[in-house]
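Student: First the structure, then my questions, so here it is.
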Amino acid sequence: MEKKLNLVLFGPPGAGKGTQSHMLIEKYKLVHLSTGDILRSEIATGTKLGLEAKALIDQGLLVPDTVVIGMIESKLDANTDANGFIFDGFPRTVAQARALDKLLTDRATGITVMLALEVDDEELTKRLLSRGKVSGRSDDQDPAIIENRIKEYNNKTAPLKDYYREQSKLRVINGVGSIDDIFNTLCAAVERSSVSVN
Ligand code: B4P
């Protein structure tokens, strides 16, 4: 198997996935694949996919699996020379995780580790509402939509921890504290995991 570093950055909405991804890609020279960012760019350019995604995102619901899996596949194929990838906000369902495993196996690689940021609901709501004041993101402004996003996470996404635990790839990281301290903990987990696979 090719020795790429492929990280899944996992956690509830507002756990810090985007924040930490930007620091991790710089340190490990990885390609950042954020399904949330790709969807927001489709919305900004007003594509058909973007319009369909907006209707769901604005209710705090997940976009269909087939849509996000297709987006990830084309990004993998556009970056075949990458040292590895950070999957930020993907996978979010068991179907997405299975599809990702297949896409990577077909390309002679696999997930190195899944880093799961844990943050309590009260702190998540506080962070998202505060980002909503500056980002203009419609899904960050209304406490009822944020509650739906957390519910979607608990129902459809949290079970993925078991999926990666069964593969011995789950690392749980406390996502409350300073951004730099959390980053250092993530890097230590990445380094332990990449030694064990190489
Ligand atoms: P995403 O774009 O993935 O984003 P997110 O869950 O909102 O946030 P993230 O965890 O990245 O938070 P951030 O670092 O920015 O998803 C948006 C929507 O797109 C989803 O609800 C869904 O509808 C759709 N979607 C995306 N991917 C999908 C998929 N695979 N399948 C189906 N649908 C999909 O941090 C949040 C805030 O906290 C920031 O303001 C940050 O500054 C702050 N913060 C970060 N770390 C902190 C810390 N340690 N202390 C204090 N504040 C901190």
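In the structure tokens, chains take the letters A, B, ... in the order shown, each chain's residues start at 1, and ligands count up from 1 in the order shown.
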If you count only C-alpha atoms and all ligand atoms, which residues end up within 8 Å of ligand 1, as an mmCIF file with all heavy atoms, in the first residue's frame?

Tutor:
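Below you can see pocket-v6.cif, which holds the result:
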data_model
loop_
_atom_site.group_PDB
_atom_site.id
_atom_site.type_symbol
_atom_site.label_atom_id
_atom_site.label_comp_id
_atom_site.auth_asym_id
_atom_site.auth_seq_id
_atom_site.Cartn_x
_atom_site.Cartn_y
_atom_site.Cartn_z
ATOM 1 N N PHE A 10 -12.896 14.682 12.207
ATOM 2 C CA PHE A 10 -14.284 14.333 12.504
ATOM 3 C C PHE A 10 -14.757 15.122 13.720
ATOM 4 O O PHE A 10 -13.964 15.449 14.600
ATOM 5 C CB PHE A 10 -14.291 12.826 12.812
ATOM 6 C CG PHE A 10 -15.634 12.244 13.090
ATOM 7 C CD1 PHE A 10 -16.434 11.823 12.036
ATOM 8 C CD2 PHE A 10 -16.095 12.088 14.384
ATOM 9 C CE1 PHE A 10 -17.679 11.251 12.284
ATOM 10 C CE2 PHE A 10 -17.334 11.527 14.639
ATOM 11 C CZ PHE A 10 -18.118 11.109 13.586
ATOM 12 N N GLY A 11 -16.053 15.389 13.781
ATOM 13 C CA GLY A 11 -16.594 16.033 14.980
ATOM 14 C C GLY A 11 -17.914 16.685 14.661
ATOM 15 O O GLY A 11 -18.266 16.862 13.484
ATOM 16 N N PRO A 12 -18.662 17.078 15.675
ATOM 17 C CA PRO A 12 -19.942 17.746 15.461
ATOM 18 C C PRO A 12 -19.755 19.118 14.814
ATOM 19 O O PRO A 12 -18.638 19.631 14.757
ATOM 20 C CB PRO A 12 -20.517 17.875 16.885
ATOM 21 C CG PRO A 12 -19.346 17.759 17.786
ATOM 22 C CD PRO A 12 -18.333 16.917 17.091
ATOM 23 N N PRO A 13 -20.841 19.738 14.320
ATOM 24 C CA PRO A 13 -20.715 21.064 13.704
ATOM 25 C C PRO A 13 -20.123 22.055 14.696
ATOM 26 O O PRO A 13 -20.580 22.141 15.836
ATOM 27 C CB PRO A 13 -22.158 21.441 13.350
ATOM 28 C CG PRO A 13 -23.034 20.441 13.996
ATOM 29 C CD PRO A 13 -22.220 19.234 14.307
ATOM 30 N N GLY A 14 -19.095 22.774 14.255
ATOM 31 C CA GLY A 14 -18.473 23.768 15.129
ATOM 32 C C GLY A 14 -17.404 23.198 16.037
ATOM 33 O O GLY A 14 -16.856 23.906 16.894
ATOM 34 N N ALA A 15 -17.028 21.928 15.838
ATOM 35 C CA ALA A 15 -16.024 21.312 16.725
ATOM 36 C C ALA A 15 -14.619 21.840 16.459
ATOM 37 O O ALA A 15 -13.718 21.645 17.268
ATOM 38 C CB ALA A 15 -16.039 19.796 16.553
ATOM 39 N N GLY A 16 -14.431 22.481 15.293
ATOM 40 C CA GLY A 16 -13.106 23.016 14.965
ATOM 41 C C GLY A 16 -12.443 22.275 13.811
ATOM 42 O O GLY A 16 -11.237 22.393 13.613
ATOM 43 N N LYS A 17 -13.221 21.541 13.032
ATOM 44 C CA LYS A 17 -12.644 20.759 11.927
ATOM 45 C C LYS A 17 -11.967 21.688 10.911
ATOM 46 O O LYS A 17 -10.823 21.466 10.538
ATOM 47 C CB LYS A 17 -13.729 19.929 11.211
ATOM 48 C CG LYS A 17 -14.470 18.962 12.124
ATOM 49 C CD LYS A 17 -15.491 18.125 11.378
ATOM 50 C CE LYS A 17 -16.686 18.898 10.839
ATOM 51 N NZ LYS A 17 -17.649 19.357 11.870
ATOM 52 N N GLY A 18 -12.707 22.716 10.482
ATOM 53 C CA GLY A 18 -12.152 23.652 9.492
ATOM 54 C C GLY A 18 -10.934 24.369 10.056
ATOM 55 O O GLY A 18 -9.888 24.476 9.408
ATOM 56 N N THR A 19 -11.055 24.841 11.296
ATOM 57 C CA THR A 19 -9.970 25.584 11.951
ATOM 58 C C THR A 19 -8.691 24.742 12.007
ATOM 59 O O THR A 19 -7.612 25.186 11.612
ATOM 60 C CB THR A 19 -10.407 25.920 13.405
ATOM 61 O OG1 THR A 19 -11.654 26.607 13.338
ATOM 62 C CG2 THR A 19 -9.380 26.747 14.144
ATOM 63 N N GLN A 20 -8.807 23.511 12.470
ATOM 64 C CA GLN A 20 -7.618 22.665 12.636
ATOM 65 C C GLN A 20 -7.106 22.165 11.290
ATOM 66 O O GLN A 20 -5.902 22.004 11.106
ATOM 67 C CB GLN A 20 -7.932 21.478 13.572
ATOM 68 C CG GLN A 20 -8.277 21.891 14.999
ATOM 69 C CD GLN A 20 -7.092 22.522 15.751
ATOM 70 O OE1 GLN A 20 -5.940 22.314 15.400
ATOM 71 N NE2 GLN A 20 -7.399 23.303 16.780
ATOM 72 N N SER A 21 -8.005 21.937 10.324
ATOM 73 C CA SER A 21 -7.563 21.459 8.997
ATOM 74 C C SER A 21 -6.572 22.426 8.382
ATOM 75 O O SER A 21 -5.580 22.011 7.792
ATOM 76 C CB SER A 21 -8.742 21.361 8.033
ATOM 77 O OG SER A 21 -9.534 20.296 8.351
ATOM 78 N N SER A 34 -12.750 19.615 1.956
ATOM 79 C CA SER A 34 -13.861 19.928 2.854
ATOM 80 C C SER A 34 -15.146 19.921 2.031
ATOM 81 O O SER A 34 -15.332 20.767 1.144
ATOM 82 C CB SER A 34 -13.648 21.309 3.484
ATOM 83 O OG SER A 34 -14.875 21.842 3.919
ATOM 84 N N THR A 35 -16.022 18.960 2.315
ATOM 85 C CA THR A 35 -17.277 18.913 1.552
ATOM 86 C C THR A 35 -18.112 20.172 1.829
ATOM 87 O O THR A 35 -18.795 20.674 0.950
ATOM 88 C CB THR A 35 -18.068 17.626 1.862
ATOM 89 O OG1 THR A 35 -17.948 17.317 3.244
ATOM 90 C CG2 THR A 35 -17.566 16.470 1.036
ATOM 91 N N GLY A 36 -18.028 20.700 3.058
ATOM 92 C CA GLY A 36 -18.765 21.937 3.377
ATOM 93 C C GLY A 36 -18.275 23.088 2.497
ATOM 94 O O GLY A 36 -19.075 23.829 1.918
ATOM 95 N N ASP A 37 -16.938 23.224 2.356
ATOM 96 C CA ASP A 37 -16.387 24.312 1.524
ATOM 97 C C ASP A 37 -16.792 24.128 0.059
ATOM 98 O O ASP A 37 -17.129 25.096 -0.627
ATOM 99 C CB ASP A 37 -14.847 24.335 1.592
ATOM 100 C CG ASP A 37 -14.338 24.916 2.907
ATOM 101 O OD1 ASP A 37 -15.155 25.411 3.704
ATOM 102 O OD2 ASP A 37 -13.107 24.862 3.136
ATOM 103 N N LEU A 39 -19.407 22.581 -1.105
ATOM 104 C CA LEU A 39 -20.843 22.886 -1.260
ATOM 105 C C LEU A 39 -21.089 24.392 -1.222
ATOM 106 O O LEU A 39 -21.858 24.925 -2.026
ATOM 107 C CB LEU A 39 -21.647 22.184 -0.154
ATOM 108 C CG LEU A 39 -21.728 20.652 -0.275
ATOM 109 C CD1 LEU A 39 -22.269 20.029 1.009
ATOM 110 C CD2 LEU A 39 -22.603 20.240 -1.459
ATOM 111 N N ARG A 40 -20.386 25.088 -0.312
ATOM 112 C CA ARG A 40 -20.591 26.549 -0.229
ATOM 113 C C ARG A 40 -20.117 27.233 -1.511
ATOM 114 O O ARG A 40 -20.685 28.227 -1.941
ATOM 115 C CB ARG A 40 -19.899 27.130 1.009
ATOM 116 C CG ARG A 40 -20.717 26.906 2.278
ATOM 117 C CD ARG A 40 -20.128 27.600 3.496
ATOM 118 N NE ARG A 40 -18.908 26.965 3.937
ATOM 119 C CZ ARG A 40 -18.861 25.866 4.712
ATOM 120 N NH1 ARG A 40 -19.966 25.296 5.134
ATOM 121 N NH2 ARG A 40 -17.703 25.355 5.066
ATOM 122 N N ALA A 53 -28.359 21.917 -2.673
ATOM 123 C CA ALA A 53 -27.661 21.784 -1.389
ATOM 124 C C ALA A 53 -28.123 22.877 -0.421
ATOM 125 O O ALA A 53 -28.327 22.616 0.770
ATOM 126 C CB ALA A 53 -26.154 21.864 -1.601
ATOM 127 N N LEU A 56 -31.152 22.216 1.688
ATOM 128 C CA LEU A 56 -30.951 21.265 2.796
ATOM 129 C C LEU A 56 -30.109 21.890 3.907
ATOM 130 O O LEU A 56 -30.438 21.787 5.097
ATOM 131 C CB LEU A 56 -30.269 19.998 2.263
ATOM 132 C CG LEU A 56 -31.143 19.201 1.292
ATOM 133 C CD1 LEU A 56 -30.320 18.220 0.489
ATOM 134 C CD2 LEU A 56 -32.233 18.464 2.076
ATOM 135 N N ILE A 57 -29.006 22.537 3.518
ATOM 136 C CA ILE A 57 -28.091 23.131 4.507
ATOM 137 C C ILE A 57 -28.841 24.163 5.359
ATOM 138 O O ILE A 57 -28.653 24.240 6.569
ATOM 139 C CB ILE A 57 -26.865 23.752 3.791
ATOM 140 C CG1 ILE A 57 -26.010 22.622 3.198
ATOM 141 C CG2 ILE A 57 -26.052 24.632 4.734
ATOM 142 C CD1 ILE A 57 -24.851 23.082 2.324
ATOM 143 N N ASP A 58 -29.732 24.933 4.715
ATOM 144 C CA ASP A 58 -30.481 25.957 5.444
ATOM 145 C C ASP A 58 -31.446 25.373 6.468
ATOM 146 O O ASP A 58 -31.957 26.093 7.323
ATOM 147 C CB ASP A 58 -31.243 26.863 4.471
ATOM 148 C CG ASP A 58 -30.307 27.878 3.817
ATOM 149 O OD1 ASP A 58 -29.135 27.941 4.231
ATOM 150 O OD2 ASP A 58 -30.742 28.595 2.901
ATOM 151 N N GLN A 59 -31.721 24.075 6.358
ATOM 152 C CA GLN A 59 -32.571 23.438 7.385
ATOM 153 C C GLN A 59 -31.723 22.654 8.390
ATOM 154 O O GLN A 59 -32.252 22.000 9.279
ATOM 155 C CB GLN A 59 -33.537 22.450 6.729
ATOM 156 C CG GLN A 59 -34.516 23.094 5.767
ATOM 157 C CD GLN A 59 -35.316 22.013 5.058
ATOM 158 O OE1 GLN A 59 -36.147 21.338 5.662
ATOM 159 N NE2 GLN A 59 -35.043 21.824 3.785
ATOM 160 N N GLY A 60 -30.403 22.673 8.183
ATOM 161 C CA GLY A 60 -29.523 21.916 9.093
ATOM 162 C C GLY A 60 -29.462 20.444 8.744
ATOM 163 O O GLY A 60 -29.056 19.624 9.569
ATOM 164 N N LEU A 61 -29.868 20.094 7.493
ATOM 165 C CA LEU A 61 -29.888 18.677 7.084
ATOM 166 C C LEU A 61 -28.663 18.329 6.249
ATOM 167 O O LEU A 61 -28.049 19.215 5.640
ATOM 168 C CB LEU A 61 -31.151 18.398 6.248
ATOM 169 C CG LEU A 61 -32.475 18.665 6.968
ATOM 170 C CD1 LEU A 61 -33.645 18.498 6.007
ATOM 171 C CD2 LEU A 61 -32.634 17.727 8.170
ATOM 172 N N LEU A 62 -28.348 17.034 6.195
ATOM 173 C CA LEU A 62 -27.233 16.587 5.366
ATOM 174 C C LEU A 62 -27.655 16.539 3.898
ATOM 175 O O LEU A 62 -28.816 16.290 3.575
ATOM 176 C CB LEU A 62 -26.769 15.185 5.796
ATOM 177 C CG LEU A 62 -26.132 15.057 7.176
ATOM 178 C CD1 LEU A 62 -25.678 13.606 7.409
ATOM 179 C CD2 LEU A 62 -24.945 15.995 7.352
ATOM 180 N N VAL A 63 -26.678 16.745 3.029
ATOM 181 C CA VAL A 63 -26.868 16.648 1.576
ATOM 182 C C VAL A 63 -26.785 15.146 1.223
ATOM 183 O O VAL A 63 -26.104 14.393 1.932
ATOM 184 C CB VAL A 63 -25.730 17.494 0.929
ATOM 185 C CG1 VAL A 63 -25.625 17.294 -0.555
ATOM 186 C CG2 VAL A 63 -25.915 18.968 1.289
ATOM 187 N N PRO A 64 -27.483 14.682 0.139
ATOM 188 C CA PRO A 64 -27.456 13.231 -0.157
ATOM 189 C C PRO A 64 -26.040 12.666 -0.345
ATOM 190 O O PRO A 64 -25.171 13.325 -0.908
ATOM 191 C CB PRO A 64 -28.250 13.132 -1.466
ATOM 192 C CG PRO A 64 -29.096 14.347 -1.505
ATOM 193 C CD PRO A 64 -28.342 15.420 -0.771
ATOM 194 N N ASP A 65 -25.877 11.412 0.094
ATOM 195 C CA ASP A 65 -24.578 10.736 0.015
ATOM 196 C C ASP A 65 -24.003 10.757 -1.402
ATOM 197 O O ASP A 65 -22.820 11.023 -1.593
ATOM 198 C CB ASP A 65 -24.721 9.264 0.451
ATOM 199 C CG ASP A 65 -24.978 9.136 1.947
ATOM 200 O OD1 ASP A 65 -24.588 10.065 2.697
ATOM 201 O OD2 ASP A 65 -25.554 8.114 2.370
ATOM 202 N N VAL A 68 -22.149 14.058 -2.329
ATOM 203 C CA VAL A 68 -20.835 14.340 -1.728
ATOM 204 C C VAL A 68 -19.800 13.289 -2.126
ATOM 205 O O VAL A 68 -18.626 13.611 -2.314
ATOM 206 C CB VAL A 68 -20.909 14.514 -0.194
ATOM 207 C CG1 VAL A 68 -21.511 15.837 0.180
ATOM 208 C CG2 VAL A 68 -21.642 13.406 0.479
ATOM 209 N N ILE A 69 -20.221 12.045 -2.324
ATOM 210 C CA ILE A 69 -19.267 10.998 -2.731
ATOM 211 C C ILE A 69 -18.710 11.334 -4.124
ATOM 212 O O ILE A 69 -17.502 11.261 -4.361
ATOM 213 C CB ILE A 69 -19.937 9.596 -2.704
ATOM 214 C CG1 ILE A 69 -20.251 9.208 -1.255
ATOM 215 C CG2 ILE A 69 -19.038 8.545 -3.366
ATOM 216 C CD1 ILE A 69 -21.215 8.032 -1.104
ATOM 217 N N ASP A 88 -12.249 16.693 5.638
ATOM 218 C CA ASP A 88 -12.799 17.585 6.672
ATOM 219 C C ASP A 88 -14.319 17.625 6.493
ATOM 220 O O ASP A 88 -14.818 18.153 5.500
ATOM 221 C CB ASP A 88 -12.143 18.968 6.475
ATOM 222 C CG ASP A 88 -12.854 20.114 7.165
ATOM 223 O OD1 ASP A 88 -13.824 19.881 7.907
ATOM 224 O OD2 ASP A 88 -12.436 21.268 6.940
ATOM 225 N N GLY A 89 -15.028 17.018 7.440
ATOM 226 C CA GLY A 89 -16.494 16.999 7.334
ATOM 227 C C GLY A 89 -16.985 15.900 6.404
ATOM 228 O O GLY A 89 -18.157 15.892 6.019
ATOM 229 N N PHE A 90 -16.132 14.999 6.025
ATOM 230 C CA PHE A 90 -16.477 13.842 5.182
ATOM 231 C C PHE A 90 -15.623 12.682 5.661
ATOM 232 O O PHE A 90 -14.423 12.886 5.850
ATOM 233 C CB PHE A 90 -16.185 14.137 3.709
ATOM 234 C CG PHE A 90 -16.503 12.970 2.797
ATOM 235 C CD1 PHE A 90 -17.753 12.839 2.219
ATOM 236 C CD2 PHE A 90 -15.542 11.990 2.526
ATOM 237 C CE1 PHE A 90 -18.049 11.761 1.387
ATOM 238 C CE2 PHE A 90 -15.843 10.907 1.704
ATOM 239 C CZ PHE A 90 -17.087 10.803 1.136
ATOM 240 N N PRO A 91 -16.143 11.486 5.875
ATOM 241 C CA PRO A 91 -17.527 11.088 5.726
ATOM 242 C C PRO A 91 -18.413 11.545 6.886
ATOM 243 O O PRO A 91 -17.930 11.787 7.986
ATOM 244 C CB PRO A 91 -17.437 9.559 5.696
ATOM 245 C CG PRO A 91 -16.199 9.236 6.484
ATOM 246 C CD PRO A 91 -15.256 10.363 6.268
ATOM 247 N N ARG A 92 -19.721 11.632 6.625
ATOM 248 C CA ARG A 92 -20.688 12.006 7.654
ATOM 249 C C ARG A 92 -21.760 10.938 7.844
ATOM 250 O O ARG A 92 -22.652 11.111 8.688
ATOM 251 C CB ARG A 92 -21.377 13.318 7.269
ATOM 252 C CG ARG A 92 -20.730 14.562 7.898
ATOM 253 C CD ARG A 92 -21.492 15.781 7.389
ATOM 254 N NE ARG A 92 -21.460 16.914 8.260
ATOM 255 C CZ ARG A 92 -20.606 17.934 8.149
ATOM 256 N NH1 ARG A 92 -19.655 17.911 7.255
ATOM 257 N NH2 ARG A 92 -20.696 18.969 8.952
ATOM 258 N N THR A 93 -21.706 9.871 7.055
ATOM 259 C CA THR A 93 -22.640 8.749 7.233
ATOM 260 C C THR A 93 -21.837 7.464 6.999
ATOM 261 O O THR A 93 -20.757 7.512 6.393
ATOM 262 C CB THR A 93 -23.794 8.772 6.199
ATOM 263 O OG1 THR A 93 -23.227 8.627 4.898
ATOM 264 C CG2 THR A 93 -24.617 10.031 6.259
ATOM 265 N N GLN A 96 -21.149 6.930 3.383
ATOM 266 C CA GLN A 96 -20.022 7.734 2.886
ATOM 267 C C GLN A 96 -18.688 7.109 3.298
ATOM 268 O O GLN A 96 -17.717 7.111 2.537
ATOM 269 C CB GLN A 96 -20.104 9.173 3.417
ATOM 270 C CG GLN A 96 -21.259 9.980 2.844
ATOM 271 C CD GLN A 96 -21.333 11.407 3.393
ATOM 272 O OE1 GLN A 96 -20.351 11.961 3.894
ATOM 273 N NE2 GLN A 96 -22.505 12.018 3.321
ATOM 274 N N LEU A 124 -20.686 24.168 21.377
ATOM 275 C CA LEU A 124 -20.873 24.170 19.915
ATOM 276 C C LEU A 124 -21.826 25.281 19.505
ATOM 277 O O LEU A 124 -21.550 26.051 18.580
ATOM 278 C CB LEU A 124 -21.470 22.833 19.443
ATOM 279 C CG LEU A 124 -20.621 21.581 19.606
ATOM 280 C CD1 LEU A 124 -21.435 20.336 19.252
ATOM 281 C CD2 LEU A 124 -19.377 21.655 18.744
ATOM 282 N N ARG A 127 -20.203 28.690 19.783
ATOM 283 C CA ARG A 127 -19.232 28.966 18.712
ATOM 284 C C ARG A 127 -19.927 29.269 17.392
ATOM 285 O O ARG A 127 -19.533 30.180 16.658
ATOM 286 C CB ARG A 127 -18.343 27.737 18.486
ATOM 287 C CG ARG A 127 -17.331 27.512 19.575
ATOM 288 C CD ARG A 127 -16.458 26.324 19.171
ATOM 289 N NE ARG A 127 -15.610 25.899 20.264
ATOM 290 C CZ ARG A 127 -14.758 24.879 20.193
ATOM 291 N NH1 ARG A 127 -14.664 24.185 19.067
ATOM 292 N NH2 ARG A 127 -14.014 24.544 21.216
ATOM 293 N N LEU A 128 -20.953 28.482 17.067
ATOM 294 C CA LEU A 128 -21.593 28.650 15.751
ATOM 295 C C LEU A 128 -22.347 29.970 15.687
ATOM 296 O O LEU A 128 -22.274 30.686 14.682
ATOM 297 C CB LEU A 128 -22.515 27.462 15.445
ATOM 298 C CG LEU A 128 -21.766 26.124 15.239
ATOM 299 C CD1 LEU A 128 -22.748 24.969 15.093
ATOM 300 C CD2 LEU A 128 -20.850 26.176 14.026
ATOM 301 N N SER A 130 -21.666 32.574 17.304
ATOM 302 C CA SER A 130 -20.711 33.684 17.249
ATOM 303 C C SER A 130 -20.081 33.774 15.859
ATOM 304 O O SER A 130 -19.904 34.867 15.323
ATOM 305 C CB SER A 130 -19.743 33.557 18.426
ATOM 306 O OG SER A 130 -18.440 33.525 18.021
ATOM 307 N N ARG A 131 -19.814 32.624 15.200
ATOM 308 C CA ARG A 131 -19.318 32.680 13.813
ATOM 309 C C ARG A 131 -20.395 33.279 12.895
ATOM 310 O O ARG A 131 -20.077 34.026 11.973
ATOM 311 C CB ARG A 131 -18.936 31.282 13.334
ATOM 312 C CG ARG A 131 -18.417 31.283 11.896
ATOM 313 C CD ARG A 131 -17.864 29.945 11.454
ATOM 314 N NE ARG A 131 -18.894 28.934 11.363
ATOM 315 C CZ ARG A 131 -18.665 27.650 11.090
ATOM 316 N NH1 ARG A 131 -17.436 27.232 10.895
ATOM 317 N NH2 ARG A 131 -19.648 26.787 11.016
ATOM 318 N N GLY A 132 -21.660 32.948 13.158
ATOM 319 C CA GLY A 132 -22.761 33.440 12.321
ATOM 320 C C GLY A 132 -22.830 34.953 12.255
ATOM 321 O O GLY A 132 -23.242 35.530 11.250
ATOM 322 N N ASP A 139 -26.706 28.931 8.017
ATOM 323 C CA ASP A 139 -26.885 27.791 8.929
ATOM 324 C C ASP A 139 -26.262 28.041 10.297
ATOM 325 O O ASP A 139 -26.343 27.196 11.182
ATOM 326 C CB ASP A 139 -26.355 26.490 8.304
ATOM 327 C CG ASP A 139 -24.879 26.535 7.909
ATOM 328 O OD1 ASP A 139 -24.326 27.645 7.789
ATOM 329 O OD2 ASP A 139 -24.279 25.461 7.739
ATOM 330 N N ASP A 140 -25.606 29.199 10.491
ATOM 331 C CA ASP A 140 -24.981 29.511 11.788
ATOM 332 C C ASP A 140 -25.752 30.565 12.579
ATOM 333 O O ASP A 140 -25.259 31.065 13.585
ATOM 334 C CB ASP A 140 -23.561 30.061 11.558
ATOM 335 C CG ASP A 140 -22.539 28.976 11.242
ATOM 336 O OD1 ASP A 140 -22.845 27.793 11.435
ATOM 337 O OD2 ASP A 140 -21.440 29.341 10.806
ATOM 338 N N ARG A 149 -28.700 20.554 13.202
ATOM 339 C CA ARG A 149 -27.399 20.074 12.737
ATOM 340 C C ARG A 149 -26.803 19.123 13.779
ATOM 341 O O ARG A 149 -26.220 18.102 13.439
ATOM 342 C CB ARG A 149 -26.450 21.253 12.485
ATOM 343 C CG ARG A 149 -26.894 22.082 11.295
ATOM 344 C CD ARG A 149 -26.164 23.403 11.215
ATOM 345 N NE ARG A 149 -24.740 23.243 10.998
ATOM 346 C CZ ARG A 149 -23.872 24.242 11.076
ATOM 347 N NH1 ARG A 149 -24.285 25.464 11.382
ATOM 348 N NH2 ARG A 149 -22.592 24.026 10.860
ATOM 349 N N GLY A 175 -11.800 18.636 22.090
ATOM 350 C CA GLY A 175 -11.823 19.812 21.219
ATOM 351 C C GLY A 175 -12.105 21.102 21.969
ATOM 352 O O GLY A 175 -12.367 22.127 21.347
ATOM 353 N N VAL A 176 -12.053 21.063 23.315
ATOM 354 C CA VAL A 176 -12.262 22.284 24.105
ATOM 355 C C VAL A 176 -10.909 22.691 24.679
ATOM 356 O O VAL A 176 -10.210 21.862 25.261
ATOM 357 C CB VAL A 176 -13.274 22.048 25.251
ATOM 358 C CG1 VAL A 176 -13.484 23.329 26.064
ATOM 359 C CG2 VAL A 176 -14.605 21.555 24.696
ATOM 360 N N GLY A 177 -10.554 23.958 24.479
ATOM 361 C CA GLY A 177 -9.262 24.446 24.964
ATOM 362 C C GLY A 177 -8.699 25.376 23.913
ATOM 363 O O GLY A 177 -9.416 25.777 22.985
ATOM 364 N N SER A 178 -7.410 25.721 24.036
ATOM 365 C CA SER A 178 -6.875 26.683 23.066
ATOM 366 C C SER A 178 -6.637 25.979 21.731
ATOM 367 O O SER A 178 -6.346 24.775 21.692
ATOM 368 C CB SER A 178 -5.583 27.322 23.588
ATOM 369 O OG SER A 178 -4.493 26.502 23.279
ATOM 370 N N ILE A 179 -6.785 26.730 20.634
ATOM 371 C CA ILE A 179 -6.627 26.169 19.285
ATOM 372 C C ILE A 179 -5.231 25.561 19.145
ATOM 373 O O ILE A 179 -5.060 24.472 18.590
ATOM 374 C CB ILE A 179 -6.919 27.267 18.235
ATOM 375 C CG1 ILE A 179 -8.435 27.558 18.247
ATOM 376 C CG2 ILE A 179 -6.444 26.868 16.832
ATOM 377 C CD1 ILE A 179 -8.899 28.705 17.393
ATOM 378 N N ASP A 180 -4.202 26.213 19.719
ATOM 379 C CA ASP A 180 -2.828 25.686 19.604
ATOM 380 C C ASP A 180 -2.647 24.399 20.399
ATOM 381 O O ASP A 180 -1.987 23.468 19.936
ATOM 382 C CB ASP A 180 -1.816 26.738 20.088
ATOM 383 C CG ASP A 180 -1.654 27.844 19.041
ATOM 384 O OD1 ASP A 180 -2.017 27.610 17.872
ATOM 385 O OD2 ASP A 180 -1.173 28.938 19.406
ATOM 386 N N ILE A 182 -4.941 22.187 21.106
ATOM 387 C CA ILE A 182 -5.665 21.111 20.405
ATOM 388 C C ILE A 182 -4.844 20.675 19.183
ATOM 389 O O ILE A 182 -4.690 19.472 18.910
ATOM 390 C CB ILE A 182 -7.089 21.584 20.009
ATOM 391 C CG1 ILE A 182 -7.895 21.881 21.278
ATOM 392 C CG2 ILE A 182 -7.803 20.542 19.140
ATOM 393 C CD1 ILE A 182 -9.178 22.659 21.060
#

Student: Pick out the closest residue to A:Asn79 from this set: A:Met23, A:Ala144, A:Val134, A:Leu30. Count only C-alpha atoms.

Tutor: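 Closest to A:Asn79 of all the choices is A:Leu30.
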
Student: Can you pull out every residue within 12 Å of stretch 105-114 of chain A, counting only C-alpha atoms, but drop anything in the same chain fewer than 5 positions away, and send it as a VMD selection string?

Tutor: chain A and resid 1 to 11 17 73 76 to 77 79 to 91 97 to 100 160 to 173 186 to 198

Student: Can you list, as an NGL selection string, all residues belonging to chain A that DSSP tags as strand (DSSP E or B)?

Tutor: :A and (5-10 or 31-34 or 84-88 or 113-118 or 170-174)

Student: Separation of atom CA of A:Leu33 and atom CA of A:Lys156, in Å?

Tutor: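 So the answer is 20.2 Å.
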
Student: Do you have the atom CA of A:Val67-atom CA of A:Leu51 distance handy?

Tutor: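 So the answer is 12.7 Å.
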
Student: Do you have the atom CA of A:Asp120-atom CA of A:Ile150 distance handy?

Tutor: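 Result for atom CA of A:Asp120 versus atom CA of A:Ile150: 10.3 Å, one decimal.
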
Student: Hey, which of A:Glu42, A:Lys151, A:Lys102, A:Val31 ends up closest to A:Lys54? Count only C-alpha atoms.

Tutor: A:Glu42

Student: Compare A:Ala95, A:Phe183, A:Glu122, A:Thr47 by their minimum atom-to-atom distance to A:Thr66, counting only C-alpha atoms, and give me the closest one.

Tutor: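 Between A:Ala95, A:Phe183, A:Glu122, A:Thr47, the residue approaching A:Thr66 most closely is A:Ala95.
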
Student: Check the DSSP output for the backbone and give back, as a PyMOL selection string, the residues of chain A in helix (DSSP H, G or I).

Tutor: chain A and resi 17-28+35-45+48-57+65-78+94-106+121-135+138-140+143-157+160-166+179-197
